[in-house]
file run02.csv (CSV, C-alpha atoms)
chain,number,residue,atom,x,y,z
P,1,MET,CA,-11.1,-14.4,1.6
P,2,ASP,CA,-10.0,-12.8,4.8
P,3,LEU,CA,-8.5,-9.3,4.5
P,4,ASN,CA,-5.9,-8.3,7.1
P,5,SER,CA,-3.8,-5.2,7.8
P,6,ASP,CA,-1.0,-4.3,10.3
P,7,LEU,CA,-2.3,-1.6,12.6
P,8,GLY,CA,-1.4,0.2,15.8
P,9,GLU,CA,2.1,0.8,14.5
P,10,GLY,CA,2.6,4.3,15.9
P,11,PHE,CA,4.4,5.0,19.1
P,12,GLY,CA,3.7,7.8,21.5
P,13,ILE,CA,3.1,11.0,19.5
P,14,TRP,CA,4.4,9.4,16.3
P,15,LYS,CA,1.6,8.1,14.1
P,16,LEU,CA,1.7,5.7,11.2
P,17,GLY,CA,-1.1,4.8,8.8
P,18,ASP,CA,-4.8,5.5,9.0
P,19,ASP,CA,-6.1,2.8,11.4
P,20,THR,CA,-9.6,4.2,11.6
P,21,ALA,CA,-10.1,4.1,7.8
P,22,LEU,CA,-8.6,0.6,7.4
P,23,LEU,CA,-10.8,-0.8,10.2
P,24,GLY,CA,-13.8,0.0,8.1
P,25,LEU,CA,-12.5,-2.1,5.2
P,26,ILE,CA,-10.7,-5.2,6.7
P,27,SER,CA,-11.9,-8.3,8.5
P,28,SER,CA,-8.8,-8.9,10.7
P,29,ALA,CA,-6.4,-6.5,12.4
P,30,ASN,CA,-2.8,-7.4,13.2
P,31,VAL,CA,-2.1,-5.1,16.1
P,32,ALA,CA,1.4,-4.2,17.1
P,33,CYS,CA,2.1,-5.3,20.7
P,34,GLY,CA,4.8,-2.8,21.8
P,35,PHE,CA,8.0,-4.5,20.7
P,36,HIS,CA,8.4,-3.1,17.1
P,37,ALA,CA,5.7,-0.4,17.5
P,38,GLY,CA,2.7,0.4,19.5
P,39,ASP,CA,2.2,1.5,23.1
P,40,PRO,CA,-0.6,0.8,25.7
P,41,SER,CA,-2.8,3.7,24.7
P,42,THR,CA,-2.5,2.9,20.9
P,43,MET,CA,-3.1,-0.8,21.5
P,44,ARG,CA,-6.3,-0.1,23.6
P,45,LYS,CA,-7.6,2.5,21.1
P,46,VAL,CA,-7.2,0.2,18.1
P,47,CYS,CA,-8.8,-2.7,20.0
P,48,GLU,CA,-11.8,-0.4,20.9
P,49,GLU,CA,-12.2,0.6,17.2
P,50,ALA,CA,-11.8,-2.9,16.0
P,51,ALA,CA,-14.5,-4.1,18.4
P,52,ARG,CA,-16.9,-1.3,17.2
P,53,ASN,CA,-16.3,-2.4,13.6
P,54,GLY,CA,-16.6,-6.1,14.2
P,55,VAL,CA,-13.0,-6.7,13.1
P,56,ARG,CA,-11.1,-9.6,14.7
P,57,ILE,CA,-7.9,-8.8,16.6
P,58,GLY,CA,-4.6,-10.7,16.1
P,59,ALA,CA,-1.4,-10.2,18.0
P,60,GLN,CA,1.4,-8.9,15.7
P,61,VAL,CA,4.4,-10.2,17.6
P,62,SER,CA,7.9,-9.1,16.9
P,63,TYR,CA,11.5,-9.0,18.0
P,64,ARG,CA,12.2,-6.5,20.7
P,65,ASP,CA,13.3,-3.8,18.2
P,66,LEU,CA,11.6,-0.5,18.4
P,67,ALA,CA,14.6,1.3,16.8
P,68,GLY,CA,14.5,-1.0,13.8
P,69,PHE,CA,10.7,-1.3,13.6
P,70,GLY,CA,11.2,-5.1,13.9
P,71,ARG,CA,12.8,-5.3,10.5
P,72,ARG,CA,16.2,-6.5,11.6
P,73,PHE,CA,17.0,-10.1,12.3
P,74,ILE,CA,17.9,-10.9,15.9
P,75,ASP,CA,19.6,-14.1,16.8
P,76,ALA,CA,17.3,-14.4,19.9
P,77,ASP,CA,17.5,-17.3,22.4
P,78,PRO,CA,14.5,-19.5,21.5
P,79,LEU,CA,13.3,-19.7,25.2
P,80,GLU,CA,13.5,-15.9,25.6
P,81,LEU,CA,11.8,-15.4,22.2
P,82,ALA,CA,8.9,-17.7,23.2
P,83,ASP,CA,8.5,-15.8,26.5
P,84,GLU,CA,8.5,-12.5,24.6
P,85,VAL,CA,5.8,-13.8,22.2
P,86,LEU,CA,3.7,-14.9,25.2
P,87,TYR,CA,4.2,-11.5,26.8
P,88,GLN,CA,3.1,-9.6,23.7
P,89,ILE,CA,0.0,-11.7,23.2
P,90,GLY,CA,-1.0,-11.2,26.9
P,91,ALA,CA,-0.5,-7.5,26.8
P,92,LEU,CA,-2.7,-7.1,23.7
P,93,ASP,CA,-5.3,-9.5,25.0
P,94,ALA,CA,-5.7,-7.3,28.1
P,95,CYS,CA,-6.4,-4.3,25.9
P,96,ALA,CA,-8.8,-6.3,23.8
P,97,ARG,CA,-10.7,-7.6,26.8
P,98,ALA,CA,-11.0,-4.1,28.1
P,99,ALA,CA,-12.8,-3.3,24.8
P,100,GLY,CA,-15.1,-6.3,25.1
P,101,THR,CA,-13.3,-8.6,22.7
P,102,GLU,CA,-10.1,-10.8,22.7
P,103,VAL,CA,-7.1,-11.8,20.7
P,104,VAL,CA,-8.0,-14.6,18.3
P,105,TYR,CA,-4.9,-15.3,16.3
P,106,VAL,CA,-1.1,-14.5,16.1
P,107,LYS,CA,1.0,-13.2,13.2
P,108,PRO,CA,4.7,-12.5,13.4
P,109,HIS,CA,5.9,-9.1,12.1
P,110,GLY,CA,8.7,-8.1,9.8
P,111,ALA,CA,12.1,-9.8,10.2
P,112,LEU,CA,10.6,-12.4,12.6
P,113,TYR,CA,8.0,-13.3,10.0
P,114,ASN,CA,10.7,-13.8,7.4
P,115,ALA,CA,13.0,-15.7,9.7
P,116,THR,CA,10.3,-18.2,10.6
P,117,VAL,CA,10.0,-19.2,7.0
P,118,HIS,CA,13.3,-21.2,7.3
P,119,HIS,CA,14.6,-20.8,10.9
P,120,GLU,CA,13.3,-23.9,12.7
P,121,LYS,CA,14.2,-22.8,16.2
P,122,GLN,CA,12.6,-19.4,15.9
P,123,ALA,CA,9.5,-20.9,14.3
P,124,GLU,CA,9.2,-23.3,17.3
P,125,ALA,CA,9.7,-20.3,19.6
P,126,VAL,CA,6.8,-18.4,18.1
P,127,VAL,CA,4.6,-21.5,18.3
P,128,ASN,CA,5.6,-22.3,21.9
P,129,GLY,CA,5.0,-18.8,23.0
P,130,THR,CA,1.6,-18.8,21.3
P,131,LYS,CA,0.6,-22.2,22.7
P,132,ALA,CA,1.7,-21.1,26.2
P,133,PHE,CA,-1.0,-18.5,26.0
P,134,LYS,CA,-3.7,-20.4,24.2
P,135,ASP,CA,-4.2,-22.6,21.2
P,136,LEU,CA,-4.6,-19.7,18.7
P,137,PRO,CA,-4.3,-19.9,14.9
P,138,ILE,CA,-1.0,-18.6,13.4
P,139,LEU,CA,-0.7,-16.7,10.1
P,140,GLY,CA,2.4,-17.3,8.0
P,141,LEU,CA,3.8,-17.9,4.6
P,142,PRO,CA,2.7,-21.1,2.8
P,143,GLY,CA,5.4,-23.7,3.1
P,144,SER,CA,7.1,-22.0,6.0
P,145,GLN,CA,8.6,-23.7,9.1
P,146,LEU,CA,6.2,-21.6,11.1
P,147,LEU,CA,3.1,-23.2,9.7
P,148,ALA,CA,4.6,-26.6,9.8
P,149,LYS,CA,5.5,-26.2,13.5
P,150,ALA,CA,2.1,-24.8,14.2
P,151,ALA,CA,0.4,-27.8,12.7
P,152,GLU,CA,2.7,-30.2,14.6
P,153,ALA,CA,1.8,-28.4,17.9
P,154,GLY,CA,-1.9,-28.7,17.1
P,155,LEU,CA,-2.4,-25.1,16.3
P,156,ARG,CA,-4.3,-23.9,13.2
P,157,PRO,CA,-1.9,-22.9,10.5
P,158,VAL,CA,-3.3,-20.1,8.3
P,159,GLN,CA,-1.7,-19.5,4.9
P,160,GLU,CA,-1.3,-15.8,4.1
P,161,ALA,CA,-0.4,-13.8,0.9
P,162,PHE,CA,0.5,-10.2,0.5
P,163,ALA,CA,-1.3,-7.9,-1.9
P,164,ASP,CA,1.4,-5.2,-1.8
P,165,ARG,CA,4.7,-7.0,-1.6
P,166,GLY,CA,7.0,-8.4,-4.3
P,167,TYR,CA,7.6,-12.2,-4.3
P,168,THR,CA,10.7,-14.1,-5.3
P,169,PRO,CA,10.4,-17.0,-7.7
P,170,GLU,CA,10.8,-19.3,-4.6
P,171,GLY,CA,7.6,-17.8,-3.1
P,172,THR,CA,9.3,-15.8,-0.4
P,173,LEU,CA,9.0,-12.0,0.0
P,174,VAL,CA,11.5,-9.7,-1.7
P,175,PRO,CA,13.6,-8.0,1.1
P,176,ARG,CA,12.5,-4.4,1.6
P,177,SER,CA,16.1,-3.3,0.9
P,178,ARG,CA,15.9,-4.5,-2.7
P,179,PRO,CA,14.0,-3.1,-5.8
P,180,ASN,CA,10.4,-4.2,-6.4
P,181,ALA,CA,9.9,-5.1,-2.7
P,182,LEU,CA,6.6,-3.1,-2.7
P,183,LEU,CA,3.8,-2.8,-5.2
P,184,SER,CA,2.9,0.9,-5.3
P,185,SER,CA,0.1,0.9,-7.9
P,186,THR,CA,-3.4,0.2,-6.7
P,187,ASP,CA,-4.1,-1.5,-10.1
P,188,GLU,CA,-1.1,-3.9,-9.4
P,189,VAL,CA,-2.4,-4.6,-5.9
P,190,VAL,CA,-5.9,-5.4,-7.2
P,191,GLU,CA,-4.5,-7.6,-9.9
P,192,ARG,CA,-2.6,-9.5,-7.3
P,193,ALA,CA,-5.7,-10.0,-5.3
P,194,LYS,CA,-7.7,-11.3,-8.3
P,195,ARG,CA,-5.0,-13.7,-9.4
P,196,LEU,CA,-4.7,-15.0,-5.9
P,197,LEU,CA,-8.4,-16.1,-6.0
P,198,ASN,CA,-7.3,-18.4,-8.8
P,199,GLY,CA,-4.3,-19.7,-6.7
P,200,GLU,CA,-1.6,-17.7,-8.4
P,201,ILE,CA,1.0,-15.1,-7.6
P,202,VAL,CA,3.3,-13.5,-10.1
P,203,ALA,CA,6.9,-13.2,-8.9
P,204,VAL,CA,9.1,-10.2,-9.7
P,205,ASP,CA,10.7,-12.1,-12.6
P,206,GLY,CA,7.4,-13.1,-14.1
P,207,THR,CA,7.4,-16.6,-12.7
P,208,VAL,CA,3.8,-17.7,-11.9
P,209,ILE,CA,3.7,-19.3,-8.4
P,210,LYS,CA,0.9,-21.7,-7.6
P,211,THR,CA,-0.3,-21.0,-4.0
P,212,ARG,CA,-3.3,-21.1,-1.7
P,213,ALA,CA,-4.1,-18.5,0.8
P,214,GLU,CA,-6.9,-17.9,3.3
P,215,SER,CA,-5.9,-14.4,4.3
P,216,LEU,CA,-4.6,-11.5,2.2
P,217,CYS,CA,-2.6,-8.7,3.8
P,218,VAL,CA,-2.5,-5.0,2.8
P,219,HIS,CA,0.2,-3.3,4.9
P,220,GLY,CA,-1.1,-0.3,6.9
P,221,ASP,CA,2.2,1.6,6.5
P,222,THR,CA,2.3,1.2,2.7
P,223,PRO,CA,1.8,4.5,0.8
P,224,GLY,CA,-1.8,4.5,-0.4
P,225,ALA,CA,-2.8,1.7,2.0
P,226,VAL,CA,-6.4,2.9,2.4
P,227,GLU,CA,-6.9,3.2,-1.4
P,228,HIS,CA,-5.4,-0.2,-1.9
P,229,ALA,CA,-7.5,-1.8,0.8
P,230,ARG,CA,-10.7,-0.2,-0.5
P,231,ALA,CA,-10.0,-1.3,-4.1
P,232,VAL,CA,-9.1,-4.9,-3.0
P,233,ARG,CA,-12.3,-5.2,-1.0
P,234,GLU,CA,-14.4,-4.0,-4.0
P,235,ALA,CA,-12.6,-6.5,-6.2
P,236,LEU,CA,-13.1,-9.4,-3.8
P,237,GLY,CA,-16.8,-8.5,-3.5
P,238,SER,CA,-16.8,-9.3,0.2
P,239,VAL,CA,-14.3,-10.3,2.9
P,240,THR,CA,-14.8,-13.2,5.3
P,241,PRO,CA,-12.6,-14.0,8.3
P,242,PHE,CA,-10.8,-17.3,8.0
P,243,ALA,CA,-12.6,-20.1,9.9
call {"tool": "encode", "arguments": {"input": "run02.csv", "output": "structure tokens"}}
result
Amino acid sequence: MDLNSDLGEGFGIWKLGDDTALLGLISSANVACGFHAGDPSTMRKVCEEAARNGVRIGAQVSYRDLAGFGRRFIDADPLELADEVLYQIGALDACARAAGTEVVYVKPHGALYNATVHHEKQAEAVVNGTKAFKDLPILGLPGSQLLAKAAEAGLRPVQEAFADRGYTPEGTLVPRSRPNALLSSTDEVVERAKRLLNGEIVAVDGTVIKTRAESLCVHGDTPGAVEHARAVREALGSVTPFA
């Protein structure tokens, strides 16, 4: 199982999460590209640390929404959104190449991630922006429009699950504005990871959802993220980047 985390989500003097500690535990780093968080110096530093740790780098693309941390839906023009996805990947790849590595996958962030579950035009925009850069794998929610559009375009769709987020009975993420959106207990997070290995996720109402995931996310900004990631890695035994 691949273990990923959202990193580089500070901005200027404002820091968020312990990127250094997490890079010693994960196999894939979703690095903010400056639209919801991140800045050139932060991006380059995370890429350098990822390269030293042998961690793969993915572009965590977002709406242009620093004020809202990319967690507000924007009814973006699909052509403009595709160009902004392309722009973000290219900016991060420049930092990665300066560190002797490169961007090898793409994952939308926040509201864009959730929108592309059902929003066909925005899902296509993310795929089109990615493909304009390179045929990179795209991480997304199982059954989402995003992964369907990625497959149609000849890109590698990678099914992802979340160790620290609440799920609805329909298999989507509970909005962060609602109760039970986050799993705060390390024991709960580890139990989620273990059940996922058997193809199951338990929704907030107790419904058991059958699913399959190749990558498991522990959010870098979740309280206790390092402890969660360390415990999940120990429970998994080892972490292996998705092929």
call {"tool": "residues_around", "arguments": {"input": "run02.csv", "residues": "P:Lys121", "least_positions_apart": "4", "cutoff": "9 Å", "atoms": "only C-alpha atoms", "output": "ChimeraX atom specification"}}
result
/P:77-78,116,125-126
call {"tool": "write_last_selection", "arguments": {"input": "run02.csv", "atoms": "C-alpha atoms", "output": "CSV table (one decimal), in the frame of the given file"}}
result
chain,number,residue,atom,x,y,z
P,77,ASP,CA,17.5,-17.3,22.4
P,78,PRO,CA,14.5,-19.5,21.5
P,116,THR,CA,10.3,-18.2,10.6
P,125,ALA,CA,9.7,-20.3,19.6
P,126,VAL,CA,6.8,-18.4,18.1
call {"tool": "closest_atom_pairs", "arguments": {"input": "run02.csv", "of": "stretch 162-226 of chain P", "to": "stretch 13-35 of chain P", "cutoff": "10 Å", "atoms": "all atoms listed in the file", "output": "JSON lines"}}
result
{"residue": "P:Ser215", "atom": "CA", "partner": "P:Ser28", "partner_atom": "CA", "distance": 8.9}
{"residue": "P:Leu216", "atom": "CA", "partner": "P:Ser28", "partner_atom": "CA", "distance": 9.8}
{"residue": "P:Cys217", "atom": "CA", "partner": "P:Ser28", "partner_atom": "CA", "distance": 9.3}
{"residue": "P:Val218", "atom": "CA", "partner": "P:Ile26", "partner_atom": "CA", "distance": 9.1}
{"residue": "P:His219", "atom": "CA", "partner": "P:Gly17", "partner_atom": "CA", "distance": 9.1}
{"residue": "P:Gly220", "atom": "CA", "partner": "P:Gly17", "partner_atom": "CA", "distance": 5.4}
{"residue": "P:Asp221", "atom": "CA", "partner": "P:Gly17", "partner_atom": "CA", "distance": 5.1}
{"residue": "P:Thr222", "atom": "CA", "partner": "P:Gly17", "partner_atom": "CA", "distance": 7.9}
{"residue": "P:Pro223", "atom": "CA", "partner": "P:Gly17", "partner_atom": "CA", "distance": 8.5}
{"residue": "P:Gly224", "atom": "CA", "partner": "P:Gly17", "partner_atom": "CA", "distance": 9.2}
{"residue": "P:Ala225", "atom": "CA", "partner": "P:Gly17", "partner_atom": "CA", "distance": 7.7}
{"residue": "P:Val226", "atom": "CA", "partner": "P:Leu22", "partner_atom": "CA", "distance": 5.9}
call {"tool": "closest_atom_pairs", "arguments": {"input": "run02.csv", "of": "stretch 144-165 of chain P", "to": "stretch 185-188 of chain P", "cutoff": "12 Å", "atoms": "all atoms listed in the file", "output": "JSON lines"}}
result
{"residue": "P:Phe162", "atom": "CA", "partner": "P:Glu188", "partner_atom": "CA", "distance": 11.8}
{"residue": "P:Ala163", "atom": "CA", "partner": "P:Glu188", "partner_atom": "CA", "distance": 8.5}
{"residue": "P:Asp164", "atom": "CA", "partner": "P:Glu188", "partner_atom": "CA", "distance": 8.1}
{"residue": "P:Arg165", "atom": "CA", "partner": "P:Glu188", "partner_atom": "CA", "distance": 10.2}
call {"tool": "axis_aligned_box", "arguments": {"input": "run02.csv", "around": "stretch 205-223 of chain P", "padding_each_side": "4 Å", "output": "lines of an AutoDock Vina configuration file"}}
result
center_x = 1.9
center_y = -8.6
center_z = -3.6
size_x = 25.6
size_y = 34.2
size_z = 29.0
call {"tool": "atom_distance", "arguments": {"input": "run02.csv", "atom1": "atom CA of P:Val61", "atom2": "atom CA of P:Pro108"}}
result
4.8 Å
call {"tool": "decode", "arguments": {"input": "run02.csv", "residues": "stretch 39-137 of chain P", "atoms": "C-alpha atoms", "output": "PDB file, in the first residue's frame"}}
result
ATOM      1  CA  ASP P  39       5.300  29.268  -2.079  1.00  0.00           C
ATOM      2  CA  PRO P  40       8.442  28.812  -4.198  1.00  0.00           C
ATOM      3  CA  SER P  41      10.827  28.423  -1.259  1.00  0.00           C
ATOM      4  CA  THR P  42       8.533  25.993   0.551  1.00  0.00           C
ATOM      5  CA  MET P  43       8.002  23.970  -2.631  1.00  0.00           C
ATOM      6  CA  ARG P  44      11.709  23.708  -3.322  1.00  0.00           C
ATOM      7  CA  LYS P  45      12.548  22.785   0.296  1.00  0.00           C
ATOM      8  CA  VAL P  46       9.954  20.004   0.380  1.00  0.00           C
ATOM      9  CA  CYS P  47      11.173  18.662  -2.962  1.00  0.00           C
ATOM     10  CA  GLU P  48      14.759  18.591  -1.693  1.00  0.00           C
ATOM     11  CA  GLU P  49      13.756  16.738   1.476  1.00  0.00           C
ATOM     12  CA  ALA P  50      11.572  14.329  -0.495  1.00  0.00           C
ATOM     13  CA  ALA P  51      14.468  13.546  -2.821  1.00  0.00           C
ATOM     14  CA  ARG P  52      16.766  12.857   0.132  1.00  0.00           C
ATOM     15  CA  ASN P  53      14.197  10.490   1.637  1.00  0.00           C
ATOM     16  CA  GLY P  54      13.395   8.683  -1.617  1.00  0.00           C
ATOM     17  CA  VAL P  55       9.793   9.905  -1.479  1.00  0.00           C
ATOM     18  CA  ARG P  56       7.919  10.431  -4.748  1.00  0.00           C
ATOM     19  CA  ILE P  57       6.541  13.873  -5.511  1.00  0.00           C
ATOM     20  CA  GLY P  58       3.008  14.572  -6.687  1.00  0.00           C
ATOM     21  CA  ALA P  59       1.484  17.918  -7.627  1.00  0.00           C
ATOM     22  CA  GLN P  60      -1.362  18.807  -5.262  1.00  0.00           C
ATOM     23  CA  VAL P  61      -3.305  21.082  -7.592  1.00  0.00           C
ATOM     24  CA  SER P  62      -6.088  23.357  -6.395  1.00  0.00           C
ATOM     25  CA  TYR P  63      -8.435  26.178  -7.154  1.00  0.00           C
ATOM     26  CA  ARG P  64      -6.766  29.601  -6.968  1.00  0.00           C
ATOM     27  CA  ASP P  65      -7.901  30.163  -3.368  1.00  0.00           C
ATOM     28  CA  LEU P  66      -5.193  31.036  -0.845  1.00  0.00           C
ATOM     29  CA  ALA P  67      -7.673  32.792   1.438  1.00  0.00           C
ATOM     30  CA  GLY P  68      -9.904  29.725   1.642  1.00  0.00           C
ATOM     31  CA  PHE P  69      -7.089  27.151   1.639  1.00  0.00           C
ATOM     32  CA  GLY P  70      -8.672  25.654  -1.475  1.00  0.00           C
ATOM     33  CA  ARG P  71     -11.650  24.408   0.497  1.00  0.00           C
ATOM     34  CA  ARG P  72     -14.286  26.522  -1.254  1.00  0.00           C
ATOM     35  CA  PHE P  73     -15.925  25.422  -4.496  1.00  0.00           C
ATOM     36  CA  ILE P  74     -15.214  27.760  -7.412  1.00  0.00           C
ATOM     37  CA  ASP P  75     -17.306  27.591 -10.566  1.00  0.00           C
ATOM     38  CA  ALA P  76     -14.183  27.920 -12.683  1.00  0.00           C
ATOM     39  CA  ASP P  77     -14.187  28.037 -16.457  1.00  0.00           C
ATOM     40  CA  PRO P  78     -12.955  24.568 -17.543  1.00  0.00           C
ATOM     41  CA  LEU P  79     -10.384  25.944 -19.993  1.00  0.00           C
ATOM     42  CA  GLU P  80      -8.985  28.307 -17.377  1.00  0.00           C
ATOM     43  CA  LEU P  81      -8.969  25.558 -14.749  1.00  0.00           C
ATOM     44  CA  ALA P  82      -7.062  23.225 -17.088  1.00  0.00           C
ATOM     45  CA  ASP P  83      -4.461  25.933 -17.684  1.00  0.00           C
ATOM     46  CA  GLU P  84      -4.127  26.548 -13.947  1.00  0.00           C
ATOM     47  CA  VAL P  85      -3.595  22.827 -13.346  1.00  0.00           C
ATOM     48  CA  LEU P  86      -0.894  22.820 -16.031  1.00  0.00           C
ATOM     49  CA  TYR P  87       0.714  25.903 -14.476  1.00  0.00           C
ATOM     50  CA  GLN P  88       0.821  24.346 -11.004  1.00  0.00           C
ATOM     51  CA  ILE P  89       2.338  21.077 -12.181  1.00  0.00           C
ATOM     52  CA  GLY P  90       4.993  22.919 -14.148  1.00  0.00           C
ATOM     53  CA  ALA P  91       5.938  25.149 -11.223  1.00  0.00           C
ATOM     54  CA  LEU P  92       6.354  22.213  -8.867  1.00  0.00           C
ATOM     55  CA  ASP P  93       8.220  20.164 -11.457  1.00  0.00           C
ATOM     56  CA  ALA P  94      10.763  22.985 -11.818  1.00  0.00           C
ATOM     57  CA  CYS P  95      11.404  22.810  -8.059  1.00  0.00           C
ATOM     58  CA  ALA P  96      11.559  19.018  -8.174  1.00  0.00           C
ATOM     59  CA  ARG P  97      14.045  19.003 -11.044  1.00  0.00           C
ATOM     60  CA  ALA P  98      16.236  21.495  -9.194  1.00  0.00           C
ATOM     61  CA  ALA P  99      16.337  18.874  -6.436  1.00  0.00           C
ATOM     62  CA  GLY P 100      17.259  16.096  -8.857  1.00  0.00           C
ATOM     63  CA  THR P 101      13.837  14.496  -9.099  1.00  0.00           C
ATOM     64  CA  GLU P 102      10.491  15.182 -10.840  1.00  0.00           C
ATOM     65  CA  VAL P 103       6.730  15.262 -10.423  1.00  0.00           C
ATOM     66  CA  VAL P 104       5.360  11.771 -11.071  1.00  0.00           C
ATOM     67  CA  TYR P 105       1.616  12.090 -10.317  1.00  0.00           C
ATOM     68  CA  VAL P 106      -1.186  14.582  -9.720  1.00  0.00           C
ATOM     69  CA  LYS P 107      -3.782  14.829  -6.957  1.00  0.00           C
ATOM     70  CA  PRO P 108      -6.413  17.570  -6.618  1.00  0.00           C
ATOM     71  CA  HIS P 109      -6.760  19.271  -3.262  1.00  0.00           C
ATOM     72  CA  GLY P 110      -9.752  20.078  -1.088  1.00  0.00           C
ATOM     73  CA  ALA P 111     -12.840  21.418  -2.818  1.00  0.00           C
ATOM     74  CA  LEU P 112     -11.457  20.594  -6.248  1.00  0.00           C
ATOM     75  CA  TYR P 113     -10.930  16.969  -5.185  1.00  0.00           C
ATOM     76  CA  ASN P 114     -14.502  16.754  -3.948  1.00  0.00           C
ATOM     77  CA  ALA P 115     -15.959  18.575  -6.952  1.00  0.00           C
ATOM     78  CA  THR P 116     -14.324  16.174  -9.408  1.00  0.00           C
ATOM     79  CA  VAL P 117     -16.157  13.253  -7.828  1.00  0.00           C
ATOM     80  CA  HIS P 118     -19.340  14.343  -9.650  1.00  0.00           C
ATOM     81  CA  HIS P 119     -18.519  17.497 -11.662  1.00  0.00           C
ATOM     82  CA  GLU P 120     -17.781  16.197 -15.146  1.00  0.00           C
ATOM     83  CA  LYS P 121     -16.437  19.432 -16.645  1.00  0.00           C
ATOM     84  CA  GLN P 122     -14.057  20.111 -13.791  1.00  0.00           C
ATOM     85  CA  ALA P 123     -12.899  16.505 -13.790  1.00  0.00           C
ATOM     86  CA  GLU P 124     -12.137  16.852 -17.504  1.00  0.00           C
ATOM     87  CA  ALA P 125     -10.305  20.105 -16.820  1.00  0.00           C
ATOM     88  CA  VAL P 126      -7.997  18.479 -14.277  1.00  0.00           C
ATOM     89  CA  VAL P 127      -7.309  15.632 -16.697  1.00  0.00           C
ATOM     90  CA  ASN P 128      -6.743  17.998 -19.622  1.00  0.00           C
ATOM     91  CA  GLY P 129      -4.367  20.174 -17.625  1.00  0.00           C
ATOM     92  CA  THR P 130      -2.444  17.128 -16.487  1.00  0.00           C
ATOM     93  CA  LYS P 131      -2.242  15.594 -19.950  1.00  0.00           C
ATOM     94  CA  ALA P 132      -1.055  18.898 -21.425  1.00  0.00           C
ATOM     95  CA  PHE P 133       1.980  18.574 -19.154  1.00  0.00           C
ATOM     96  CA  LYS P 134       2.589  14.829 -19.363  1.00  0.00           C
ATOM     97  CA  ASP P 135       0.731  11.530 -19.104  1.00  0.00           C
ATOM     98  CA  LEU P 136       0.878  11.363 -15.316  1.00  0.00           C
ATOM     99  CA  PRO P 137      -1.170   9.160 -12.976  1.00  0.00           C
TER     100      PRO P 137
END
